[in-house]
Amino acid sequence: MKRGRLRVLLGAAPGVGKTYEMLEEGRRLQGDGRDVVIGVVETHGRAATLAQTIGLPEIPRRTIAHRGVELTEMDVDAVIARSPQIALVDELAHTNAPGSRHDKRWQDVDALRDAGIDVITTVNVQHIESLNDVVEQITGVAQRETVPDAVVRGADEIEVVDLAPQSLRDRLAAGVVYPAERIDAALSNYFRLGNLTALRELALLWLADEVDSALTSYRTEHGITRTWHARERVVVALTGGPEGETLIRRGARIAARSAGGDLLAVHVSSQDGLRAAAPGALASQRALVESLGGSYHQVLGDDVPATLVEFARSVNATQFVIGVSRRGRLASLLTGPGIGATVVRESGDIDVHIVTHAAAGGRRALPRMTGGALSVKRRVLGFLIALAGGPLLSWLLFATDTDASITTDVLAYQLLVVVVALVGGIWPALFAAVLSGITLDYLFVAPIYTVTISDPLHALALILYVVIAILVSWIVDQAARRTRTARRSAAESELLATVAGSVLRGESAIPALVNRAREAFGMTGVRLLDADGSVLATDGEPVPDGRAVRLPVGDVANPRATLELHGGELEASERRLLDVIIAQLAAAIERADLTETAREAGVLAETDQVRSALLSAVSHDLRRPLAAAVAAIGGLRAAGDALTDDDRRELLDTANESLATLSALVTDLLDVSRVEAGVLGVSLMDTDPAAVVLAAIDELGLGPDSVDLALDMDLPPVRADPVLLQRVLVNLLANAHRHSPAEQHVRVSTSRLGGVAEIRVVDLGPGVPPEDRDDIFAPFQRLGDTDNTVGLGLGLALSRGFTEGMGGTLAAEDTPGGGLTMVISLRVAAEPDGAARDGRSGE
């Protein structure tokens, strides 16, 4: 049976219209004569969405009893038995109720596809597993329901249902997405304009990467090596020379001509590669590339043109930007085509731009024999020069031979040997020396046309000639070896300078080192594991277990971490460089540990500051009520019966009020000490937020003329300590009531956003400037409030400490129209999966 197709409608956030689009597509397909059914759809009470279900047959849901609650889920077996052509299944990331056929709805979808049924489904970007933590960082809301990336990437079609962020906020404000009691909380939290913009970009980038990955996989599976111009990718080849900035800016302009064009700069370090570059020049060029939105890459390769072309093909480059050779014409004639000409010849369908610059053709001297140890190509060329140049030189010398020309003949052959030695090294030069010595004896030393020597001096001259040739060739070979070593050392230094520059520019040291190690040694994947086996950093393809080179980082006997490399063998010289990188990794890990230690020390320093403030409070703020109480009691004892009943009552009231104030201050001091010490006792239980709000209002004695309530009566219980939560609300309500204008009421509302419940205490007072928001939660901070009768400035510090102790958060926001809104966020108590789907995901 042919497996059913999967079409995924991907949205950046709830409310963009995924479910509506799915139902509209189902109606269109039904109109085309296709058999379409609704497997499950969540309308969330939206009239427009509900209207789209009219006329589409829906499979009745299966009812499941769980802990006394009846839950409904998609009846997978009934859908398979109905065997439609297409099933509409909403909320792919949904978790099924216990007792269902599968734990997750995406598993239900797999079962439908296995039965040959095509499926159209919906999912939000926040539910994609690899993006879950990123979304939490953006929105501050953790998503408990996720779907594996492989499930979404395995879809036959993925379509983004896009809606501009402001348009989505307008829909939300109009009550199209959520009921009225949830609108304010949603707009102020998850649906902030910045959040929606970031989520939209995240969804589009994820889909773009998926399209790019699918294209790369298709090209690999079909053995396609030629470039496909789906997206402009401009690769700029850098030598580290002065022309680099010119090339980078030209490449950036080419990339900018097409929307979405990528700029990549690459530098090849090799003994046979581009001219040795100054690390400072490459560092500045790298900074320029990154400032223009591009990426910098550094690779090692023996054959620079081939390495450049291979890199360009690996990134599916469409354009190549290289500089005109800095060699002069004479150097080009003697050493053959340069890197640019070779890249042009081997680039195939990649367009190559050869850009002129001020340094082009600037060298007029003979080229240096670059390239380290002599390659096979140069040794073969040396033999060919000896074989071709020897007979040609012999013919020229024989044609002009005289009795006095023997010295000229010897020097001419000596020059031939030197040229062969410079080109091909010791073995071609030795061959040329022996061959030219025999030719010299045969043609020019009497008796001619024989290889016999009648004069012993001639024999000595011939021996000296061969020895000189051997010495010259040996010197050339040694110079080539030292050049190779020098160039390799320069490449290593260049790589290390690049790594150091990455760290100094603010990149995270450990990921930067891992990335450069993979690029420098041409590995397919590199991974750094902590001592406990957790992954500290990874780069490239996944490293298969048991098939990678494992190297300890730090002490061999007790390593701090393990570096794993996969994709190639390392030479001895590369091992030496890798040892340096490993040493830097060890230093980076140690520095991270020291940073963490310093952070902990900073926390201790802050604690010391709090203790200092505590001593100050004890010596100053506690003295006032204590002195008043002592004075009142002393007055009672001294005056005795001389006091009237009214005076006695007034002194007793003063003592009572002072002692009550003193007791409250001491309680606050003890509480803040427990919060700072991390020993706050918290008893979490399922708590009704509305009941705690009403209890706090009663404790303060506030009536309906002071407080407006907008409580969501359907809000489920939260995990909280009711006593601590009431203390928090009392503090917040007291502050809000004190700072609100007399004619304005304090407003308290409750709402839910995903798995988080929010209690909002809103006042219309003067508010707090954004730059002072963090300071209001600091202990002993009144933020300019000079009223010494209101406490020590511990209320908000305690409130935040109590809230965080319950696993929640307390934050301050602007009140629309002026004022301050304090938002308590707490986790909703555990409830049967599926009982509150509308709050967690979907449309």
# chains A, B, ... in the order shown; residues from 1 in each chain; ligands from 1
>>> residues_around(residues="Val344 in chain A", least_positions_apart="6", cutoff="10 Å", atoms="only C-alpha atoms", output="ChimeraX atom specification")
/A:305,309,320,322,350-354
>>> residues_around(residues="Gly45 in chain A", least_positions_apart="3", cutoff="10 Å", atoms="only C-alpha atoms", output="VMD selection string")
chain A and resid 42 48 to 50 176 to 179 838 843
>>> residues_around(residues="range 733-737 of chain A", least_positions_apart="6", cutoff="8 Å", atoms="only C-alpha atoms", output="list in words")
Ile697, Leu700, Ser706, His745, Val746, Val761, Val762, Asp763 and Gly765 of chain A
>>> closest_residue(among="A:Pro242, A:Pro689, A:Pro165, A:Pro542", to="Leu193 in chain A", atoms="only C-alpha atoms")
A:Pro165
>>> residues_around(residues="Gly808 in chain A", least_positions_apart="6", cutoff="7 Å", atoms="only C-alpha atoms", output="number ranges by chain")
A: 825-827
>>> write_last_selection(atoms="all heavy atoms", output="PDB file, in the first residue's frame")
ATOM      1  N   SER A 825       3.320  35.489  37.622  1.00  0.00           N
ATOM      2  CA  SER A 825       3.156  34.353  36.714  1.00  0.00           C
ATOM      3  C   SER A 825       3.470  33.073  37.480  1.00  0.00           C
ATOM      4  O   SER A 825       4.553  32.944  38.064  1.00  0.00           O
ATOM      5  CB  SER A 825       4.094  34.480  35.506  1.00  0.00           C
ATOM      6  OG  SER A 825       3.816  35.666  34.786  1.00  0.00           O
ATOM      7  N   LEU A 826       2.524  32.134  37.475  1.00  0.00           N
ATOM      8  CA  LEU A 826       2.687  30.858  38.176  1.00  0.00           C
ATOM      9  C   LEU A 826       2.268  29.716  37.265  1.00  0.00           C
ATOM     10  O   LEU A 826       1.402  29.885  36.383  1.00  0.00           O
ATOM     11  CB  LEU A 826       1.828  30.836  39.448  1.00  0.00           C
ATOM     12  CG  LEU A 826       2.206  31.845  40.543  1.00  0.00           C
ATOM     13  CD1 LEU A 826       1.095  31.904  41.589  1.00  0.00           C
ATOM     14  CD2 LEU A 826       3.534  31.485  41.185  1.00  0.00           C
ATOM     15  N   ARG A 827       2.878  28.571  37.487  1.00  0.00           N
ATOM     16  CA  ARG A 827       2.545  27.399  36.684  1.00  0.00           C
ATOM     17  C   ARG A 827       1.151  26.889  37.037  1.00  0.00           C
ATOM     18  O   ARG A 827       0.786  26.801  38.217  1.00  0.00           O
ATOM     19  CB  ARG A 827       3.570  26.287  36.905  1.00  0.00           C
ATOM     20  CG  ARG A 827       4.936  26.577  36.291  1.00  0.00           C
ATOM     21  CD  ARG A 827       5.906  25.438  36.516  1.00  0.00           C
ATOM     22  NE  ARG A 827       6.285  25.349  37.922  1.00  0.00           N
ATOM     23  CZ  ARG A 827       5.916  24.381  38.728  1.00  0.00           C
ATOM     24  NH1 ARG A 827       5.124  23.416  38.290  1.00  0.00           N
ATOM     25  NH2 ARG A 827       6.316  24.354  39.995  1.00  0.00           N
TER      26      ARG A 827
END
>>> closest_residue(among="A:Ile248, A:Val304, A:Ala512, A:Ile385", to="Leu282 in chain A", atoms="only C-alpha atoms")
A:Ile248
>>> select_by_dssp(residues="range 125-206 of chain A", states="helix (DSSP H, G or I)", output="MDAnalysis selection string")
chainID A and resid 125:127 129:139 149:153 165:173 180:188 193:206
>>> residues_around(residues="range 386-402 of chain A", least_positions_apart="6", cutoff="9 Å", atoms="only C-alpha atoms", output="list in words")
Thr408, Asp409, Ala412, Tyr413, Leu416, Val417, Val420, Pro428, Ala429, Phe431, Ala432, Ala433, Leu435, Ser436, Thr439, Leu440, Leu443 and Phe444 of chain A
>>> residues_around(residues="Asp77 in chain A", least_positions_apart="4", cutoff="9 Å", atoms="only C-alpha atoms", output="number ranges by chain")
A: 81-82, 101, 112
>>> closest_residue(among="A:Ala150, A:Ala479, A:Val410, A:Leu513", to="Ala587 in chain A", atoms="only C-alpha atoms")
A:Leu513
>>> closest_residue(among="A:Val728, A:Leu652, A:Leu715, A:Ala638", to="Val693 in chain A", atoms="only C-alpha atoms")
A:Val728
>>> closest_residue(among="A:Gln30, A:Asn558, A:Asn189, A:Asn124", to="Ile824 in chain A", atoms="only C-alpha atoms")
A:Asn189
>>> closest_residue(among="A:Asp530, A:Glu743, A:Glu657, A:Asp646", to="Glu564 in chain A", atoms="only C-alpha atoms")
A:Asp530
>>> atom_distance(atom1="CA of Leu563 in chain A", atom2="CA of Gln137 in chain A")
28.8 Å
